[in-house]
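Before any comments, here is the structure.
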Amino acid sequence: MQTFAKYVTKFAKPIVAVWIILFIILTFFALQLPSKLKGDGFTYNGDYQRVTAELSETFGLPANTIFVLFDNKSDKEIERVLTNLESVEEIDKITSPIGVESLNKDNLSYALLDFDNTVEDYFPVIDDIRKITEEEKGISITGAPVISKDTNLASQKDLMTAEAIGVPIALVVLLLAFGTAVSALLPIIVGAITVVTAFGVLTLFSGHVNLSIFILNIVPMLGLALSIDFALLFINRYREEREHHDVVGSVQISMLTAGRSIIFSALCVMIGLGAMVVIKVEIFENIALGGALVVMLAIISGLTLLPALIVLLGDRLNKWRLIRVKPTASRWQGFASFVIKNPIKIILAAVILLGFAMIPIKDMELTIPSVDALPTSFDARQTYDKLVEEFDLGKQATVFMLAERDGGWIERDGLEKMYEIQEALQNDPLVVDVTTMFTAANIDSVDTWEMANNNPQSPGMLDAVAENFVQDEQMYIVATIDADGASSEAQDFVREWMDKDLGVDFALSGQPKFNQEIFDEITSKIGLALAIIIITTFIILMIAFKSILIPLKAIIMNVIGLGSTFGILVYIFQYGHFGLEEVTIALIIPVIVFCLVFGLSMDYEVFLISRIQEEYDNGSENAKATVDGLVSTSKIITSAALIMIVITGAFAFTNVMPVKQIGVGIAIAVAIDATIIRLMLVPSLMKLFGDWNWWL
């Protein structure tokens, strides 16, 4: 590290020049990223995808559907619009509401635009449809592809909103910490360069990896906050060393001390992100990729660009003083002494407070975000809600069964097996309707089917019906169940049927299957992800601090702090406090917040314990080392945490609900960690365990 520090200070100008060139080039690609993002990330390579694709390819069933809602439109107007929509080549089939009772109610009616599985990018298709439908009032569209596109647009707006709120406040915090405009602006500049560079690299990856729309919020949220935190720590240490050494020497010492803390902190964050890869749902793989990339770039910029800029600036780093920063050591000395003198009281008070915050967890209800993630101001959300309200869209779920049988289905044995499956479905208490080739032909037995099909006066009269449901050895059945597709009841229905032995190979599809696969993949892998995070973090902290107790305490306290965070999230969102409507917690939130915050909170653990360890290794006894470490890092930890809270908490003012919940969750967790845990519990436990803290 010492050699690397000398290299950076020696070649400061070339390093800055390389970063400027990279920034200019990658900015060009970064601007293209929003157009490369597809879907909400809830994609899992399982039966749902396979069966849906097979039904579309083999049987012509739609792989996706867009709904066109007509409000107070005549048949002539509807027919004209649908005729114009025929010019959109990607539309496979149009179902008109004219003459169809189920598609009409009062002054409302809706058409269906079906797409096969050949459409890869719906965004330009939706633009084409909107050009036609938006020519006059009273026509709007919705459906999964439309909601996905609008969520992408909302995410872009949210990013601008969050940056407009978070960055100026972060700048104020940096001014209060450093006092001068140059030193306050430097972390913001480094953070912005890091995020833009990450966006540019992700755009280059987008041709090989599907990236979800949530990348647009997670990467800047994480990258900006971490880059500023790292810069804050580095500049603070540099200013301390500058009182005793020249500019180059101070930068090199800062790289050896603060740089070491930055590396260990970033490693902990990357472990949390990397652990998400074991959950084979696209959004977690995306966040792991995007998050790990921006954290890696934050390390590189923090240990190359930042020190190189400081070398070039020299004492101009303190130029343009706007605020006279008063020493706060005496106040922190008093606080640290109080904590060290009353460790048991502080531990009891903190545990009671955190335990009380955990109580609402018992009511946590997790769901997969869908249309409810989209703000109500968007037409796609309003249109969908109207279809649900007026036409009961989604009140009942559809399950598709694709079965395969050696020898096919048209012979007697195959017909009997098909009818047996049909009866089994009809006898299920949750099933309200079953569609097979028997029900489509209004035939109630195998014998009747054979008699009708073998009628010498009309031979093969049912062949056309059979072809709709049977192709070679494959056959499909449609079951309508009396449950919302996102409900646990619908998921249980799918699980029960997947466990049945029907005597043939079969798989299921439909929204209940989609939700069941996502839920089961997350719940089955979350334990492994947490184990990876906890074990690896323990090993890294054990190596960093040469201690068994310190990493063990850090992990336990992190878990307690995160438990309190989830309780508060339930209180805010599910209970509907602080002016928010009552909404469920997005299924991804506990996983993402735990994985991200477990690593982020280790930043402050490393910042604090590293300084305590320095004092202890220099000969101070444990209690004095704890006080001195707390006094020297408290201001910087508080400032760093405040910046993290501001940057992530700014997403509370955004409109995409999962992003809002992630931002609020991280902000709350960091606030708890940087105050109750890091400034109260950690020093109290350091005092209680004494020299045992450093045993290995």
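Following the order of the structure tokens, chains are lettered A, B, ..., residues in each are numbered from 1, and ligands are numbered from 1.
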
Excluding A:Thr203 and any residue of its chain fewer than 5 positions from it, enumerate the residues within 10 Å of it, using only C-alpha atoms, and give them as a short mmCIF file (atom, residue, chain, number, x, y, z; two decimals) with C-alpha atoms, in the first residue's frame.
data_model
loop_
_atom_site.label_atom_id
_atom_site.label_comp_id
_atom_site.auth_asym_id
_atom_site.auth_seq_id
_atom_site.Cartn_x
_atom_site.Cartn_y
_atom_site.Cartn_z
CA LEU A 26 -18.32 7.10 -20.42
CA PHE A 28 -21.66 9.51 -23.67
CA PHE A 29 -22.66 5.92 -22.82
CA ALA A 30 -24.18 6.83 -19.44
CA LEU A 31 -26.77 9.04 -21.15
CA GLN A 32 -27.98 5.97 -23.06
CA LEU A 33 -28.53 3.80 -19.98
CA PRO A 34 -32.25 4.62 -19.35
CA SER A 35 -33.13 3.37 -22.85
CA LYS A 36 -31.28 0.10 -22.18
CA LEU A 37 -33.23 -0.79 -19.04
CA THR A 197 -18.64 6.23 -14.82
CA ALA A 198 -20.63 3.33 -13.36
CA HIS A 208 -24.97 -8.91 -22.61
CA VAL A 209 -27.06 -8.65 -19.41
CA LEU A 211 -30.78 -4.65 -16.62
#

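Nearest-residue note for A:Gly179: choosing from A:Met221, A:Leu317, A:Ala623, A:Ala5, the minimum distance belongs to A:Leu317, counting only C-alpha atoms.
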
Per residue of stretch 372-401 of chain A within 12 Å of stretch 485-505 of chain A, note the shortest atom pair and the distance in Å to one decimal, counting only C-alpha atoms, and order the rows by chain and increasing residue number, as a tab-separated table.
residue	atom	partner	partner_atom	distance
A:Asp372	CA	A:Ala486	CA	11.9
A:Leu393	CA	A:Gly485	CA	10.7
A:Gly394	CA	A:Gly485	CA	6.9
A:Lys395	CA	A:Gly485	CA	7.8
A:Gln396	CA	A:Gly485	CA	7.0
A:Ala397	CA	A:Gly485	CA	4.8
A:Thr398	CA	A:Gly485	CA	7.6
A:Val399	CA	A:Val494	CA	8.2
A:Phe400	CA	A:Val494	CA	10.2
A:Met401	CA	A:Trp497	CA	9.8

Could you please take those selected residues and save all heavy atoms as a short mmCIF file (atom, residue, chain, number, x, y, z; two decimals), in the first residue's frame?
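Saved as out_10.cif:
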data_model
loop_
_atom_site.label_atom_id
_atom_site.label_comp_id
_atom_site.auth_asym_id
_atom_site.auth_seq_id
_atom_site.Cartn_x
_atom_site.Cartn_y
_atom_site.Cartn_z
N ASP A 372 -48.97 -1.41 -8.32
CA ASP A 372 -48.97 -0.52 -7.16
C ASP A 372 -47.64 0.20 -6.97
O ASP A 372 -47.54 1.13 -6.17
CB ASP A 372 -49.37 -1.27 -5.88
CG ASP A 372 -48.49 -2.48 -5.63
OD1 ASP A 372 -47.76 -2.89 -6.55
OD2 ASP A 372 -48.54 -3.03 -4.51
N LEU A 393 -61.05 -6.92 -13.14
CA LEU A 393 -59.83 -7.46 -13.73
C LEU A 393 -58.86 -7.87 -12.61
O LEU A 393 -58.55 -7.08 -11.73
CB LEU A 393 -59.17 -6.42 -14.63
CG LEU A 393 -57.97 -6.90 -15.45
CD1 LEU A 393 -58.44 -7.82 -16.57
CD2 LEU A 393 -57.22 -5.71 -16.05
N GLY A 394 -58.41 -9.11 -12.66
CA GLY A 394 -57.44 -9.58 -11.67
C GLY A 394 -58.05 -10.14 -10.41
O GLY A 394 -57.34 -10.67 -9.56
N LYS A 395 -59.37 -10.00 -10.23
CA LYS A 395 -60.01 -10.54 -9.02
C LYS A 395 -59.95 -12.07 -9.00
O LYS A 395 -59.90 -12.69 -7.95
CB LYS A 395 -61.47 -10.08 -8.94
CG LYS A 395 -61.63 -8.58 -8.75
CD LYS A 395 -61.17 -8.15 -7.37
CE LYS A 395 -61.32 -6.63 -7.18
NZ LYS A 395 -62.71 -6.19 -7.12
N GLN A 396 -59.98 -12.65 -10.19
CA GLN A 396 -59.80 -14.09 -10.33
C GLN A 396 -58.54 -14.32 -11.17
O GLN A 396 -58.25 -13.58 -12.09
CB GLN A 396 -61.01 -14.73 -11.00
CG GLN A 396 -62.28 -14.67 -10.15
CD GLN A 396 -63.46 -15.34 -10.82
OE1 GLN A 396 -63.54 -15.40 -12.05
NE2 GLN A 396 -64.39 -15.84 -10.02
N ALA A 397 -57.79 -15.36 -10.82
CA ALA A 397 -56.52 -15.62 -11.49
C ALA A 397 -56.66 -16.80 -12.45
O ALA A 397 -57.49 -17.69 -12.26
CB ALA A 397 -55.43 -15.91 -10.47
N THR A 398 -55.83 -16.77 -13.48
CA THR A 398 -55.82 -17.85 -14.47
C THR A 398 -54.54 -18.66 -14.33
O THR A 398 -53.44 -18.09 -14.25
CB THR A 398 -55.89 -17.26 -15.90
OG1 THR A 398 -57.08 -16.47 -16.01
CG2 THR A 398 -55.93 -18.37 -16.93
N VAL A 399 -54.70 -19.97 -14.30
CA VAL A 399 -53.56 -20.89 -14.22
C VAL A 399 -53.58 -21.75 -15.48
O VAL A 399 -54.60 -22.34 -15.83
CB VAL A 399 -53.63 -21.78 -12.97
CG1 VAL A 399 -52.47 -22.78 -12.95
CG2 VAL A 399 -53.60 -20.92 -11.70
N PHE A 400 -52.45 -21.83 -16.15
CA PHE A 400 -52.32 -22.66 -17.35
C PHE A 400 -51.55 -23.93 -17.01
O PHE A 400 -50.49 -23.86 -16.37
CB PHE A 400 -51.56 -21.90 -18.45
CG PHE A 400 -52.26 -20.66 -18.92
CD1 PHE A 400 -52.03 -19.44 -18.30
CD2 PHE A 400 -53.15 -20.71 -19.98
CE1 PHE A 400 -52.67 -18.29 -18.73
CE2 PHE A 400 -53.80 -19.56 -20.43
CZ PHE A 400 -53.56 -18.35 -19.80
N MET A 401 -52.06 -25.06 -17.43
CA MET A 401 -51.36 -26.33 -17.25
C MET A 401 -50.94 -26.84 -18.62
O MET A 401 -51.77 -27.02 -19.52
CB MET A 401 -52.25 -27.37 -16.57
CG MET A 401 -51.57 -28.74 -16.44
SD MET A 401 -52.66 -30.05 -15.78
CE MET A 401 -52.83 -29.50 -14.09
#

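For A:Arg381, the set of protein, DNA and RNA residues having any atom at most 9 Å away, when counting only C-alpha atoms and skipping those fewer than 6 positions along the same chain, is Thr142, Ile147, Val371, Asp372, Leu374 and Pro375 of chain A.
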
Saved selection, atoms kept: C-alpha atoms, as a compact mmCIF listing (two decimals), in the first residue's frame:
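Result file selection-v3.txt:
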# COMPACT_ATOMS: atom_id res chain seq x y z
CA THR A 142 -52.33 -0.29 -19.56
CA ILE A 147 -46.59 -0.31 -16.50
CA VAL A 371 -48.95 -1.88 -10.72
CA ASP A 372 -48.97 -0.52 -7.16
CA LEU A 374 -46.38 3.00 -10.21
CA PRO A 375 -47.56 6.44 -8.99

*Hey, which of A:Leu186, A:Ile368, A:Leu293, A:Leu256 ends up closest to A:Leu202? Count only C-alpha atoms.*
A:Leu293

*asked:* Would you pick out the contacts of A:Glu581 at 12 Å or less, using only C-alpha atoms, so that residues sharing its chain but fewer than 5 positions from it are not included, and give the list as number ranges by chain?
replied: A: 372, 375-376, 571-576, 657

*Check the smallest atom-to-atom distance from each of A:Leu354, A:Met602, A:Ile556, A:Ala373 to A:Val583 using only C-alpha atoms, then report the winner.*
A:Ala373

*What is the atom CA of A:Phe519-atom CA of A:Ile589 distance in Å, reported with one decimal?*
12.9 Å

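Using only C-alpha atoms for every distance, the candidate list A:Thr633, A:Gln382, A:Thr194, A:Asn64 yields A:Thr633 as the residue closest to A:Leu232.
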
_Of the listed residues A:Thr584, A:Ser601, A:Gln49, A:Thr536, that which approaches A:Gly561 most closely, counting only C-alpha atoms_ = A:Ser601

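Using only C-alpha atoms, the residues found no farther than 8 Å from stretch 428-437 of chain A, other than those of its own chain fewer than 4 positions away, are Gln422, Ala424, Ala441, Val465, Ala466, Asn468, Phe469, Tyr476, Ile477, Val478, Ala479, Thr480, Ile481, Asp482, Ala483 and Phe493 of chain A.
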
Mind dumping the selected residues with N, CA and C atoms as a short mmCIF file (atom, residue, chain, number, x, y, z; two decimals), in the first residue's frame?
data_model
loop_
_atom_site.label_atom_id
_atom_site.label_comp_id
_atom_site.auth_asym_id
_atom_site.auth_seq_id
_atom_site.Cartn_x
_atom_site.Cartn_y
_atom_site.Cartn_z
N GLN A 422 -59.17 -32.88 -16.10
CA GLN A 422 -60.22 -31.86 -16.11
C GLN A 422 -61.14 -32.01 -14.89
N ALA A 424 -60.48 -33.50 -12.05
CA ALA A 424 -59.73 -33.21 -10.82
C ALA A 424 -59.67 -31.71 -10.57
N ALA A 441 -65.95 -27.62 -26.73
CA ALA A 441 -66.90 -28.24 -27.67
C ALA A 441 -68.23 -28.56 -27.00
N VAL A 465 -61.27 -28.03 -33.07
CA VAL A 465 -61.27 -27.73 -31.64
C VAL A 465 -60.06 -28.37 -30.97
N ALA A 466 -59.81 -29.62 -31.32
CA ALA A 466 -58.68 -30.35 -30.72
C ALA A 466 -57.35 -29.67 -31.02
N ASN A 468 -56.68 -26.64 -31.26
CA ASN A 468 -56.47 -25.48 -30.40
C ASN A 468 -55.86 -25.84 -29.06
N PHE A 469 -56.08 -27.08 -28.61
CA PHE A 469 -55.63 -27.50 -27.28
C PHE A 469 -54.57 -28.59 -27.29
N TYR A 476 -52.80 -28.38 -23.36
CA TYR A 476 -52.92 -27.42 -22.26
C TYR A 476 -54.36 -27.30 -21.79
N ILE A 477 -54.48 -26.94 -20.52
CA ILE A 477 -55.76 -26.72 -19.87
C ILE A 477 -55.69 -25.38 -19.15
N VAL A 478 -56.80 -24.65 -19.15
CA VAL A 478 -56.88 -23.36 -18.45
C VAL A 478 -57.82 -23.49 -17.27
N ALA A 479 -57.33 -23.10 -16.08
CA ALA A 479 -58.17 -23.13 -14.87
C ALA A 479 -58.27 -21.72 -14.32
N THR A 480 -59.49 -21.29 -14.03
CA THR A 480 -59.72 -19.99 -13.39
C THR A 480 -60.01 -20.23 -11.93
N ILE A 481 -59.25 -19.58 -11.06
CA ILE A 481 -59.41 -19.79 -9.62
C ILE A 481 -59.96 -18.54 -8.96
N ASP A 482 -60.69 -18.74 -7.89
CA ASP A 482 -61.33 -17.62 -7.18
C ASP A 482 -60.36 -17.04 -6.16
N ALA A 483 -59.30 -16.43 -6.66
CA ALA A 483 -58.29 -15.82 -5.80
C ALA A 483 -57.47 -14.85 -6.63
N PHE A 493 -52.28 -22.83 -4.06
CA PHE A 493 -52.96 -23.65 -5.06
C PHE A 493 -51.95 -24.23 -6.05
#

*Would you list the contacts of A:Ile344 as a PyMOL selection string, taking every protein, DNA or RNA residue within 9 Å and counting only C-alpha atoms, but skipping same-chain residues closer than 3 positions in sequence?*
chain A and resi 341+347-349+684-685+688

Export of prior selection with all heavy atoms as a PDB file, in the first residue's frame:
ATOM      1  N   LYS A 341     -18.567   5.602  31.461  1.00  0.00           N
ATOM      2  CA  LYS A 341     -18.872   5.495  32.896  1.00  0.00           C
ATOM      3  C   LYS A 341     -20.188   4.766  33.161  1.00  0.00           C
ATOM      4  O   LYS A 341     -20.418   4.281  34.275  1.00  0.00           O
ATOM      5  CB  LYS A 341     -18.937   6.898  33.519  1.00  0.00           C
ATOM      6  CG  LYS A 341     -17.583   7.576  33.629  1.00  0.00           C
ATOM      7  CD  LYS A 341     -17.730   8.995  34.173  1.00  0.00           C
ATOM      8  CE  LYS A 341     -16.388   9.723  34.226  1.00  0.00           C
ATOM      9  NZ  LYS A 341     -16.546  11.129  34.675  1.00  0.00           N
ATOM     10  N   ILE A 347     -26.521   0.239  27.629  1.00  0.00           N
ATOM     11  CA  ILE A 347     -26.856  -0.998  26.905  1.00  0.00           C
ATOM     12  C   ILE A 347     -28.319  -1.358  27.130  1.00  0.00           C
ATOM     13  O   ILE A 347     -29.050  -1.681  26.178  1.00  0.00           O
ATOM     14  CB  ILE A 347     -25.928  -2.154  27.342  1.00  0.00           C
ATOM     15  CG1 ILE A 347     -24.504  -1.901  26.844  1.00  0.00           C
ATOM     16  CG2 ILE A 347     -26.446  -3.490  26.809  1.00  0.00           C
ATOM     17  CD1 ILE A 347     -23.467  -2.848  27.412  1.00  0.00           C
ATOM     18  N   LEU A 348     -28.781  -1.292  28.378  1.00  0.00           N
ATOM     19  CA  LEU A 348     -30.175  -1.628  28.688  1.00  0.00           C
ATOM     20  C   LEU A 348     -31.146  -0.680  27.977  1.00  0.00           C
ATOM     21  O   LEU A 348     -32.133  -1.110  27.378  1.00  0.00           O
ATOM     22  CB  LEU A 348     -30.406  -1.578  30.202  1.00  0.00           C
ATOM     23  CG  LEU A 348     -29.831  -2.739  31.018  1.00  0.00           C
ATOM     24  CD1 LEU A 348     -30.013  -2.475  32.509  1.00  0.00           C
ATOM     25  CD2 LEU A 348     -30.507  -4.056  30.631  1.00  0.00           C
ATOM     26  N   ALA A 349     -30.848   0.617  28.025  1.00  0.00           N
ATOM     27  CA  ALA A 349     -31.729   1.605  27.382  1.00  0.00           C
ATOM     28  C   ALA A 349     -31.778   1.387  25.873  1.00  0.00           C
ATOM     29  O   ALA A 349     -32.854   1.435  25.252  1.00  0.00           O
ATOM     30  CB  ALA A 349     -31.229   3.018  27.697  1.00  0.00           C
ATOM     31  N   SER A 684     -19.857   1.119  24.814  1.00  0.00           N
ATOM     32  CA  SER A 684     -20.259   0.508  26.083  1.00  0.00           C
ATOM     33  C   SER A 684     -19.772  -0.930  26.180  1.00  0.00           C
ATOM     34  O   SER A 684     -19.247  -1.367  27.216  1.00  0.00           O
ATOM     35  CB  SER A 684     -21.787   0.538  26.222  1.00  0.00           C
ATOM     36  OG  SER A 684     -22.260   1.860  26.269  1.00  0.00           O
ATOM     37  N   LEU A 685     -19.934  -1.680  25.094  1.00  0.00           N
ATOM     38  CA  LEU A 685     -19.483  -3.078  25.084  1.00  0.00           C
ATOM     39  C   LEU A 685     -17.962  -3.158  25.074  1.00  0.00           C
ATOM     40  O   LEU A 685     -17.381  -4.082  25.661  1.00  0.00           O
ATOM     41  CB  LEU A 685     -20.066  -3.801  23.871  1.00  0.00           C
ATOM     42  CG  LEU A 685     -21.582  -4.056  23.932  1.00  0.00           C
ATOM     43  CD1 LEU A 685     -22.108  -4.525  22.588  1.00  0.00           C
ATOM     44  CD2 LEU A 685     -21.896  -5.099  25.015  1.00  0.00           C
ATOM     45  N   LEU A 688     -17.054  -2.840  28.666  1.00  0.00           N
ATOM     46  CA  LEU A 688     -17.384  -4.016  29.478  1.00  0.00           C
ATOM     47  C   LEU A 688     -16.418  -5.169  29.244  1.00  0.00           C
ATOM     48  O   LEU A 688     -16.024  -5.863  30.183  1.00  0.00           O
ATOM     49  CB  LEU A 688     -18.812  -4.482  29.180  1.00  0.00           C
ATOM     50  CG  LEU A 688     -19.955  -3.689  29.813  1.00  0.00           C
ATOM     51  CD1 LEU A 688     -21.287  -4.333  29.467  1.00  0.00           C
ATOM     52  CD2 LEU A 688     -19.799  -3.638  31.339  1.00  0.00           C
TER      53      LEU A 688
END

Set the distance at 8 Å and use only C-alpha atoms: which residues neighbour A:Asp158 once local chain neighbours fewer than 6 positions away are removed? I'd like the list as an mmCIF file with N, CA and C atoms, in the first residue's frame.
data_model
loop_
_atom_site.group_PDB
_atom_site.id
_atom_site.type_symbol
_atom_site.label_atom_id
_atom_site.label_comp_id
_atom_site.auth_asym_id
_atom_site.auth_seq_id
_atom_site.Cartn_x
_atom_site.Cartn_y
_atom_site.Cartn_z
ATOM 1 N N ASN A 217 -31.915 3.802 -9.880
ATOM 2 C CA ASN A 217 -31.990 4.439 -8.563
ATOM 3 C C ASN A 217 -30.967 3.879 -7.579
ATOM 4 N N PHE A 651 -34.828 9.714 -1.364
ATOM 5 C CA PHE A 651 -35.711 8.875 -2.175
ATOM 6 C C PHE A 651 -37.068 8.664 -1.499
ATOM 7 N N THR A 654 -39.705 10.369 -3.502
ATOM 8 C CA THR A 654 -39.963 9.877 -4.856
ATOM 9 C C THR A 654 -41.289 9.131 -4.880
ATOM 10 N N ASN A 655 -41.684 8.666 -6.052
ATOM 11 C CA ASN A 655 -43.028 8.114 -6.222
ATOM 12 C C ASN A 655 -43.090 6.613 -6.473
ATOM 13 N N VAL A 656 -42.009 5.995 -6.964
ATOM 14 C CA VAL A 656 -42.009 4.546 -7.186
ATOM 15 C C VAL A 656 -41.868 3.872 -5.824
#

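Distances to A:Ile645 were evaluated for A:Leu600, A:Ile346, A:Ile588, A:Leu69 using only C-alpha atoms, and the minimum falls at A:Leu600.
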
*Which residues in stretch 435-480 of chain A does DSSP call alpha helix (DSSP H)? List them as a PyMOL selection string.*
chain A and resi 437-440+446-453+463-469

*Members of stretch 127-294 of chain A assigned strand (DSSP E or B) by DSSP, as a VMD selection string*: chain A and resid 139 to 142 180

Just C-alpha atoms for this one: save the residues we selected as a PDB file, in the first residue's frame.
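Saved as result-v4.pdb:
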ATOM      1  CA  ILE A 139     -58.638   6.412 -24.727  1.00  0.00           C
ATOM      2  CA  SER A 140     -55.854   5.051 -22.524  1.00  0.00           C
ATOM      3  CA  ILE A 141     -53.708   1.937 -22.319  1.00  0.00           C
ATOM      4  CA  THR A 142     -52.332  -0.286 -19.559  1.00  0.00           C
ATOM      5  CA  THR A 180     -14.517  25.649   2.950  1.00  0.00           C
TER       6      THR A 180
END
